[in-house]
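J.: mmCIF, C-alpha atoms, saved as target21.cif, coming up:
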data_final
loop_
_atom_site.group_PDB
_atom_site.id
_atom_site.type_symbol
_atom_site.label_atom_id
_atom_site.label_comp_id
_atom_site.auth_asym_id
_atom_site.auth_seq_id
_atom_site.Cartn_x
_atom_site.Cartn_y
_atom_site.Cartn_z
ATOM 1 C CA MET A 1 -72.806 127.118 -5.740
ATOM 2 C CA ARG A 2 -75.033 130.195 -5.604
ATOM 3 C CA THR A 3 -74.047 132.909 -3.137
ATOM 4 C CA GLU A 4 -77.294 132.761 -1.196
ATOM 5 C CA ASN A 5 -76.939 129.003 -0.672
ATOM 6 C CA ILE A 6 -73.746 129.319 1.379
ATOM 7 C CA GLY A 7 -74.809 128.583 4.932
ATOM 8 C CA PHE A 8 -73.525 130.578 7.872
ATOM 9 C CA ARG A 9 -75.542 129.093 10.731
ATOM 10 C CA ASP A 10 -72.487 129.140 12.983
ATOM 11 C CA VAL A 11 -70.990 132.400 11.776
ATOM 12 C CA PHE A 12 -72.814 134.815 14.104
ATOM 13 C CA GLN A 13 -71.756 134.760 17.738
ATOM 14 C CA ILE A 14 -73.155 137.277 20.215
ATOM 15 C CA ASP A 15 -71.865 137.545 23.778
ATOM 16 C CA PRO A 16 -74.169 139.810 25.823
ATOM 17 C CA SER A 17 -71.785 139.701 28.790
ATOM 18 C CA THR A 18 -69.030 141.492 26.847
ATOM 19 C CA GLY A 19 -71.020 143.222 24.130
ATOM 20 C CA ARG A 20 -69.131 141.392 21.388
ATOM 21 C CA ILE A 21 -70.628 140.481 18.045
ATOM 22 C CA ASP A 22 -68.438 138.142 15.984
ATOM 23 C CA LEU A 23 -69.097 137.478 12.314
ATOM 24 C CA GLY A 24 -66.861 134.924 10.648
ATOM 25 C CA GLY A 25 -64.287 135.258 13.408
ATOM 26 C CA ASN A 26 -64.029 139.056 13.207
ATOM 27 C CA ARG A 27 -65.446 141.415 15.806
ATOM 28 C CA HIS A 28 -68.137 143.616 14.271
ATOM 29 C CA ILE A 29 -69.905 146.736 15.453
ATOM 30 C CA LEU A 30 -73.377 147.569 14.202
ATOM 31 C CA PHE A 31 -73.933 151.125 13.011
ATOM 32 C CA ASP A 32 -77.137 152.663 11.790
ATOM 33 C CA ALA A 33 -76.920 153.109 8.004
ATOM 34 C CA ALA A 34 -77.885 156.771 8.341
ATOM 35 C CA ALA A 35 -74.941 157.326 10.730
ATOM 36 C CA VAL A 36 -72.500 155.807 8.239
ATOM 37 C CA GLY A 37 -74.129 157.930 5.549
ATOM 38 C CA ALA A 38 -73.611 161.026 7.705
ATOM 39 C CA LEU A 39 -69.933 160.096 8.101
ATOM 40 C CA ARG A 40 -69.590 159.793 4.317
ATOM 41 C CA ARG A 41 -71.171 163.202 3.917
ATOM 42 C CA GLU A 42 -68.825 164.772 6.482
ATOM 43 C CA LEU A 43 -65.805 163.277 4.738
ATOM 44 C CA GLN A 44 -66.956 164.434 1.315
ATOM 45 C CA GLU A 45 -67.833 167.970 2.370
ATOM 46 C CA ASN A 46 -64.781 168.555 4.576
ATOM 47 C CA LEU A 47 -62.058 166.700 2.704
ATOM 48 C CA GLY A 48 -63.384 166.610 -0.845
ATOM 49 C CA TRP A 49 -64.752 163.760 -2.925
ATOM 50 C CA GLU A 50 -61.463 162.181 -3.977
ATOM 51 C CA VAL A 51 -59.967 162.087 -0.468
ATOM 52 C CA ALA A 52 -63.253 160.738 0.924
ATOM 53 C CA ARG A 53 -63.331 158.094 -1.774
ATOM 54 C CA GLY A 54 -59.771 157.014 -0.958
ATOM 55 C CA ILE A 55 -60.530 156.715 2.769
ATOM 56 C CA LEU A 56 -63.709 154.685 2.214
ATOM 57 C CA LEU A 57 -62.035 152.461 -0.396
ATOM 58 C CA ARG A 58 -59.287 151.634 2.114
ATOM 59 C CA VAL A 59 -61.806 150.933 4.891
ATOM 60 C CA GLY A 60 -63.651 148.516 2.612
ATOM 61 C CA TYR A 61 -60.372 146.966 1.436
ATOM 62 C CA LEU A 62 -59.229 146.199 4.980
ATOM 63 C CA CYS A 63 -62.629 144.717 5.861
ATOM 64 C CA GLY A 64 -62.500 142.480 2.802
ATOM 65 C CA ARG A 65 -58.963 141.284 3.519
ATOM 66 C CA HIS A 66 -59.794 140.515 7.149
ATOM 67 C CA ASP A 67 -62.926 138.590 6.203
ATOM 68 C CA ALA A 68 -60.979 136.489 3.680
ATOM 69 C CA GLN A 69 -58.278 135.733 6.254
ATOM 70 C CA GLN A 70 -60.808 134.700 8.888
ATOM 71 C CA LEU A 71 -62.904 132.564 6.547
ATOM 72 C CA ARG A 72 -59.816 130.759 5.281
ATOM 73 C CA LYS A 73 -58.720 130.116 8.872
ATOM 74 C CA HIS A 74 -62.062 128.886 10.238
ATOM 75 C CA ARG A 75 -63.924 127.294 7.330
ATOM 76 C CA ALA A 76 -63.168 124.714 4.668
ATOM 77 C CA PHE A 77 -64.191 125.450 1.078
ATOM 78 C CA SER A 78 -64.171 123.112 -1.880
ATOM 79 C CA SER A 79 -62.884 125.705 -4.383
ATOM 80 C CA ASP A 80 -61.761 129.293 -4.902
ATOM 81 C CA GLU A 81 -65.148 129.984 -6.448
ATOM 82 C CA GLU A 82 -66.962 128.856 -3.317
ATOM 83 C CA MET A 83 -64.713 130.898 -1.040
ATOM 84 C CA LEU A 84 -65.180 133.983 -3.232
ATOM 85 C CA GLN A 85 -68.943 133.595 -3.077
ATOM 86 C CA ALA A 86 -68.723 133.159 0.692
ATOM 87 C CA GLY A 87 -67.115 136.590 0.942
ATOM 88 C CA LEU A 88 -69.867 138.165 -1.086
ATOM 89 C CA ARG A 89 -72.396 136.410 1.146
ATOM 90 C CA MET A 90 -70.646 137.753 4.257
ATOM 91 C CA HIS A 91 -70.875 141.278 2.891
ATOM 92 C CA CYS A 92 -74.581 140.769 2.309
ATOM 93 C CA LEU A 93 -75.037 139.606 5.899
ATOM 94 C CA GLN A 94 -73.208 142.722 7.064
ATOM 95 C CA GLY A 95 -76.002 144.791 5.514
ATOM 96 C CA MET A 96 -74.097 146.740 2.870
ATOM 97 C CA GLY A 97 -75.759 145.165 -0.152
ATOM 98 C CA CYS A 98 -75.938 141.730 -1.709
ATOM 99 C CA ALA A 99 -73.974 140.775 -4.792
ATOM 100 C CA ARG A 100 -75.687 138.920 -7.611
ATOM 101 C CA ILE A 101 -72.993 137.149 -9.631
ATOM 102 C CA GLU A 102 -73.529 136.915 -13.378
ATOM 103 C CA ALA A 103 -70.146 135.671 -14.633
ATOM 104 C CA LEU A 104 -67.162 134.164 -12.856
ATOM 105 C CA GLN A 105 -63.857 132.856 -14.213
ATOM 106 C CA ILE A 106 -60.777 132.006 -12.155
ATOM 107 C CA ASN A 107 -57.675 130.699 -13.906
ATOM 108 C CA ARG A 108 -54.778 130.633 -11.435
ATOM 109 C CA ALA A 109 -52.305 129.194 -13.946
ATOM 110 C CA ALA A 110 -52.839 132.103 -16.338
ATOM 111 C CA GLU A 111 -53.303 134.575 -13.461
ATOM 112 C CA LYS A 112 -56.653 135.556 -14.955
ATOM 113 C CA PHE A 113 -59.661 136.524 -12.917
ATOM 114 C CA ASN A 114 -62.946 137.917 -14.103
ATOM 115 C CA LEU A 115 -66.128 138.383 -12.108
ATOM 116 C CA SER A 116 -69.090 140.552 -12.930
ATOM 117 C CA GLY A 117 -72.485 141.122 -11.431
ATOM 118 C CA GLU A 118 -74.775 143.525 -9.628
ATOM 119 C CA TRP A 119 -74.953 144.946 -6.125
ATOM 120 C CA VAL A 120 -78.569 144.762 -5.021
ATOM 121 C CA ASP A 121 -79.729 147.708 -2.884
ATOM 122 C CA SER A 122 -76.337 149.277 -2.156
ATOM 123 C CA PHE A 123 -76.622 151.437 0.949
ATOM 124 C CA GLU A 124 -73.968 153.744 -0.525
ATOM 125 C CA ALA A 125 -75.991 154.479 -3.643
ATOM 126 C CA ALA A 126 -79.156 154.915 -1.566
ATOM 127 C CA HIS A 127 -77.416 157.422 0.728
ATOM 128 C CA HIS A 128 -75.965 159.372 -2.200
ATOM 129 C CA LEU A 129 -79.329 159.662 -3.911
ATOM 130 C CA GLN A 130 -81.001 160.770 -0.691
ATOM 131 C CA HIS A 131 -78.524 163.570 0.009
ATOM 132 C CA TYR A 132 -77.176 164.574 -3.395
ATOM 133 C CA GLY A 133 -79.486 163.232 -6.069
ATOM 134 C CA ILE A 134 -78.144 161.840 -9.324
ATOM 135 C CA GLY A 135 -74.525 162.786 -9.923
ATOM 136 C CA ASN A 136 -71.840 162.071 -12.489
ATOM 137 C CA ARG A 137 -69.711 159.485 -10.664
ATOM 138 C CA SER A 138 -69.943 156.014 -9.185
ATOM 139 C CA VAL A 139 -70.382 156.123 -5.408
ATOM 140 C CA CYS A 140 -70.180 152.550 -4.046
ATOM 141 C CA TRP A 141 -66.658 153.016 -2.734
ATOM 142 C CA ILE A 142 -66.761 150.782 0.344
ATOM 143 C CA LEU A 143 -68.188 147.977 -1.788
ATOM 144 C CA GLU A 144 -65.420 148.411 -4.383
ATOM 145 C CA GLY A 145 -62.819 148.367 -1.622
ATOM 146 C CA TYR A 146 -64.282 145.307 0.082
ATOM 147 C CA GLY A 147 -64.389 143.318 -3.138
ATOM 148 C CA SER A 148 -60.831 144.329 -4.039
ATOM 149 C CA GLY A 149 -59.481 143.404 -0.604
ATOM 150 C CA TYR A 150 -61.315 140.101 -0.341
ATOM 151 C CA ALA A 151 -60.371 138.876 -3.824
ATOM 152 C CA SER A 152 -56.757 140.066 -3.502
ATOM 153 C CA GLU A 153 -56.331 138.175 -0.239
ATOM 154 C CA LEU A 154 -58.052 135.094 -1.607
ATOM 155 C CA LEU A 155 -56.000 134.877 -4.801
ATOM 156 C CA LYS A 156 -52.769 136.433 -3.461
ATOM 157 C CA GLN A 157 -52.522 138.910 -6.330
ATOM 158 C CA ASP A 158 -53.711 142.457 -6.998
ATOM 159 C CA ILE A 159 -57.393 142.280 -7.887
ATOM 160 C CA LEU A 160 -59.491 145.389 -8.397
ATOM 161 C CA CYS A 161 -63.251 145.604 -8.199
ATOM 162 C CA LEU A 162 -64.601 148.572 -10.158
ATOM 163 C CA GLU A 163 -68.168 149.776 -10.309
ATOM 164 C CA THR A 164 -69.086 149.979 -13.986
ATOM 165 C CA HIS A 165 -72.644 151.299 -13.531
ATOM 166 C CA CYS A 166 -74.162 153.047 -10.527
ATOM 167 C CA ARG A 167 -77.627 154.133 -9.438
ATOM 168 C CA GLY A 168 -75.883 157.152 -7.915
ATOM 169 C CA LYS A 169 -75.233 158.469 -11.414
ATOM 170 C CA GLY A 170 -78.583 157.501 -12.868
ATOM 171 C CA ASP A 171 -77.929 153.960 -14.090
ATOM 172 C CA ASN A 172 -80.676 151.414 -13.456
ATOM 173 C CA ALA A 173 -78.397 149.212 -11.318
ATOM 174 C CA CYS A 174 -75.069 149.181 -9.465
ATOM 175 C CA ARG A 175 -72.902 146.824 -11.505
ATOM 176 C CA PHE A 176 -69.346 145.687 -10.809
ATOM 177 C CA GLN A 177 -66.471 143.911 -12.476
ATOM 178 C CA PHE A 178 -63.386 142.294 -10.914
ATOM 179 C CA GLN A 179 -60.154 141.841 -12.869
ATOM 180 C CA THR A 180 -56.462 141.751 -12.094
ATOM 181 C CA ALA A 181 -54.902 145.184 -11.704
ATOM 182 C CA GLU A 182 -52.728 144.382 -14.711
ATOM 183 C CA ASP A 183 -55.765 143.627 -16.872
ATOM 184 C CA TRP A 184 -57.461 146.879 -15.788
ATOM 185 C CA GLY A 185 -54.370 148.827 -16.857
ATOM 186 C CA ASP A 186 -54.784 152.610 -16.836
ATOM 187 C CA ILE A 187 -58.468 152.359 -15.922
ATOM 188 C CA GLY A 188 -57.608 150.857 -12.548
ATOM 189 C CA ARG A 189 -54.625 153.115 -11.778
ATOM 190 C CA PRO A 190 -56.570 155.721 -9.729
ATOM 191 C CA ILE A 191 -57.963 153.043 -7.405
ATOM 192 C CA ARG A 192 -54.554 151.369 -7.055
ATOM 193 C CA GLU A 193 -53.072 154.719 -6.050
ATOM 194 C CA MET A 194 -55.859 155.366 -3.523
ATOM 195 C CA LEU A 195 -55.423 151.910 -1.987
ATOM 196 C CA SER A 196 -51.666 152.301 -1.705
ATOM 197 C CA ALA A 197 -51.940 155.777 -0.141
ATOM 198 C CA GLY A 198 -53.080 154.442 3.245
#
I'd like the structure from this file rewritten - as structure tokens, please.

T.:
Amino acid sequence: MRTENIGFRDVFQIDPSTGRIDLGGNRHILFDAAAVGALRRELQENLGWEVARGILLRVGYLCGRHDAQQLRKHRAFSSDEEMLQAGLRMHCLQGMGCARIEALQINRAAEKFNLSGEWVDSFEAAHHLQHYGIGNRSVCWILEGYGSGYASELLKQDILCLETHCRGKGDNACRFQFQTAEDWGDIGRPIREMLSAG
């Protein structure tokens, strides 16, 4: 099933009497993208890039885990693949950027997981380019964290989502790949350490 075909007609619930917005069973708060961008900038300039990256990775990771828990609790899915795509669809509906999946393989028996694709119109890359121009590092940290948290919760093993190409460093697209932490090896160690630091 394609990500955009997963229906969420019942997933948004707005209660004007309390000011609550629920998305997939989680309470959400809408922030202007420029305000979140300003927060990123404050973190980067006051704490440094690596600390800021770790904080934003962990924020994304927690959001991804919570979304996976809520979707599993409130919705029935026919397969792991469908539930994974539902998470990517949720993230799109949250406004952070849609994921276009190009390859997906889940083999629970062999504990193998591989997913690759592209983030379309990442707000993180757009913010970075607006304020800093083209740099030398990937910048879609919340997206990496969200994907890692969602997939780890779904499959009950350590999954890391790494950005392999980024518009923030001059690539023509923001591309990602998911694998088990074991399969990433030394490449994934910095993100594992940032996620465990929280």

J.: Given the file shown, determine the residues that the PyMOL selection byres ((chain A and resi 61) around 8) selects; report them as an mmCIF file with C-alpha atoms, keeping the file's coordinate frame.

T.:
data_model
loop_
_atom_site.group_PDB
_atom_site.id
_atom_site.type_symbol
_atom_site.label_atom_id
_atom_site.label_comp_id
_atom_site.auth_asym_id
_atom_site.auth_seq_id
_atom_site.Cartn_x
_atom_site.Cartn_y
_atom_site.Cartn_z
ATOM 1 C CA LEU A 57 -62.035 152.461 -0.396
ATOM 2 C CA ARG A 58 -59.287 151.634 2.114
ATOM 3 C CA VAL A 59 -61.806 150.933 4.891
ATOM 4 C CA GLY A 60 -63.651 148.516 2.612
ATOM 5 C CA LEU A 62 -59.229 146.199 4.980
ATOM 6 C CA CYS A 63 -62.629 144.717 5.861
ATOM 7 C CA GLY A 64 -62.500 142.480 2.802
ATOM 8 C CA ARG A 65 -58.963 141.284 3.519
ATOM 9 C CA ILE A 142 -66.761 150.782 0.344
ATOM 10 C CA GLU A 144 -65.420 148.411 -4.383
ATOM 11 C CA GLY A 145 -62.819 148.367 -1.622
ATOM 12 C CA TYR A 146 -64.282 145.307 0.082
ATOM 13 C CA GLY A 147 -64.389 143.318 -3.138
ATOM 14 C CA SER A 148 -60.831 144.329 -4.039
ATOM 15 C CA GLY A 149 -59.481 143.404 -0.604
ATOM 16 C CA TYR A 150 -61.315 140.101 -0.341
ATOM 17 C CA LEU A 195 -55.423 151.910 -1.987
#

J.: Please list as a PyMOL selection string every residue within 12 Å of Val139 of chain A, counting all atoms listed in the file and excluding residues in the same chain fewer than 4 positions away.

T.: chain A and resi 37+40-41+44+49-50+52-54+56-57+122-129+132-135+143-145+162-171+174-176

J.: Tell me which protein, DNA and RNA residues are within 12 Å of Asp32 of chain A, counting only C-alpha atoms, leaving out same-chain ones fewer than 6 positions away, and put them as a list of chain:residue names.

T.: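 That gives A:Ala38, A:Leu39, A:Gln94, A:Gly95, A:Met96, A:Phe123.
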
J.: Can you list what the PyMOL selection byres ((chain A and resi 108) around 12) grabs from this structure, as a PyMOL selection string?

T.: chain A and resi 79-81+105-107+109-114+154-157+180

J.: May I ask for the distance between atom CA of Met83 of chain A and atom CA of Ala197 of chain A, given in Å to one decimal place?

T.: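 Atom CA of Ala197 of chain A lies at a distance of 28.0 Å from atom CA of Met83 of chain A.
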
J.: With a distance cut-off of 10 Å and only C-alpha atoms, select the neighbouring residues of Cys92 of chain A, excluding the residue or stretch itself and same-chain residues fewer than 4 positions from it, and output the selection as a list in words.

T.: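 Contacts, in chain order: Thr3, Glu4, Ala86, Gly87, Leu88, Met96, Gly97, Cys98, Ala99, Trp119, Val120 and Ser122 of chain A.
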
J.: Which residue is closest to His131 of chain A? Choose from A:Ala34, A:Ile21, A:Ile14, A:Met90 and count only C-alpha atoms.

T.: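 So, comparing all the options, the nearest one is A:Ala34.
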
J.: I'd like the neighbourhood of Ala103 of chain A as a VMD selection string, where a residue qualifies if any of its atoms comes within 9 Å (using all atoms listed in the file), though same-chain residues fewer than 4 positions away should be ignored.

T.: chain A and resid 114 to 117

J.: What lies within 8 Å of Arg192 of chain A using only C-alpha atoms, ignoring chain neighbours under 3 positions off, as JSON, numbers by chain?

T.: {"A": [160, 181, 188, 189, 195, 196]}

J.: Write to file, as a compact mmCIF listing (two decimals), in the coordinates of the input, the residues of the selection just made, with C-alpha atoms.

T.:
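Done, and the output landed in again_3.txt:
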# COMPACT_ATOMS: atom_id res chain seq x y z
CA LEU A 160 -59.49 145.39 -8.40
CA ALA A 181 -54.90 145.18 -11.70
CA GLY A 188 -57.61 150.86 -12.55
CA ARG A 189 -54.62 153.12 -11.78
CA LEU A 195 -55.42 151.91 -1.99
CA SER A 196 -51.67 152.30 -1.70

J.: Grab the atom CA of Ser78 of chain A to atom CA of Glu118 of chain A distance for me, in Å with one decimal place.

T.: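 Spanning atom CA of Ser78 of chain A to atom CA of Glu118 of chain A is a straight-line distance of 24.3 Å.
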
J.: Would you mind telling me which residue in A:Ala173, A:Leu84, A:Ala35, A:Ile55 lies nearest to Asp121 of chain A when using all atoms listed in the file?

T.: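 Among the listed residues, A:Ala173 lies closest to Asp121 of chain A.
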
J.: From the options A:Leu104, A:Leu93, A:Val51, A:Ala76, which residue's atoms come nearest to Ile191 of chain A, counting all atoms listed in the file?

T.: A:Val51

J.: To one decimal in Å, tell me the separation between atom CA of Ile187 of chain A and atom CA of Asp158 of chain A.

T.: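 Between these atoms lies a distance of 14.2 Å.
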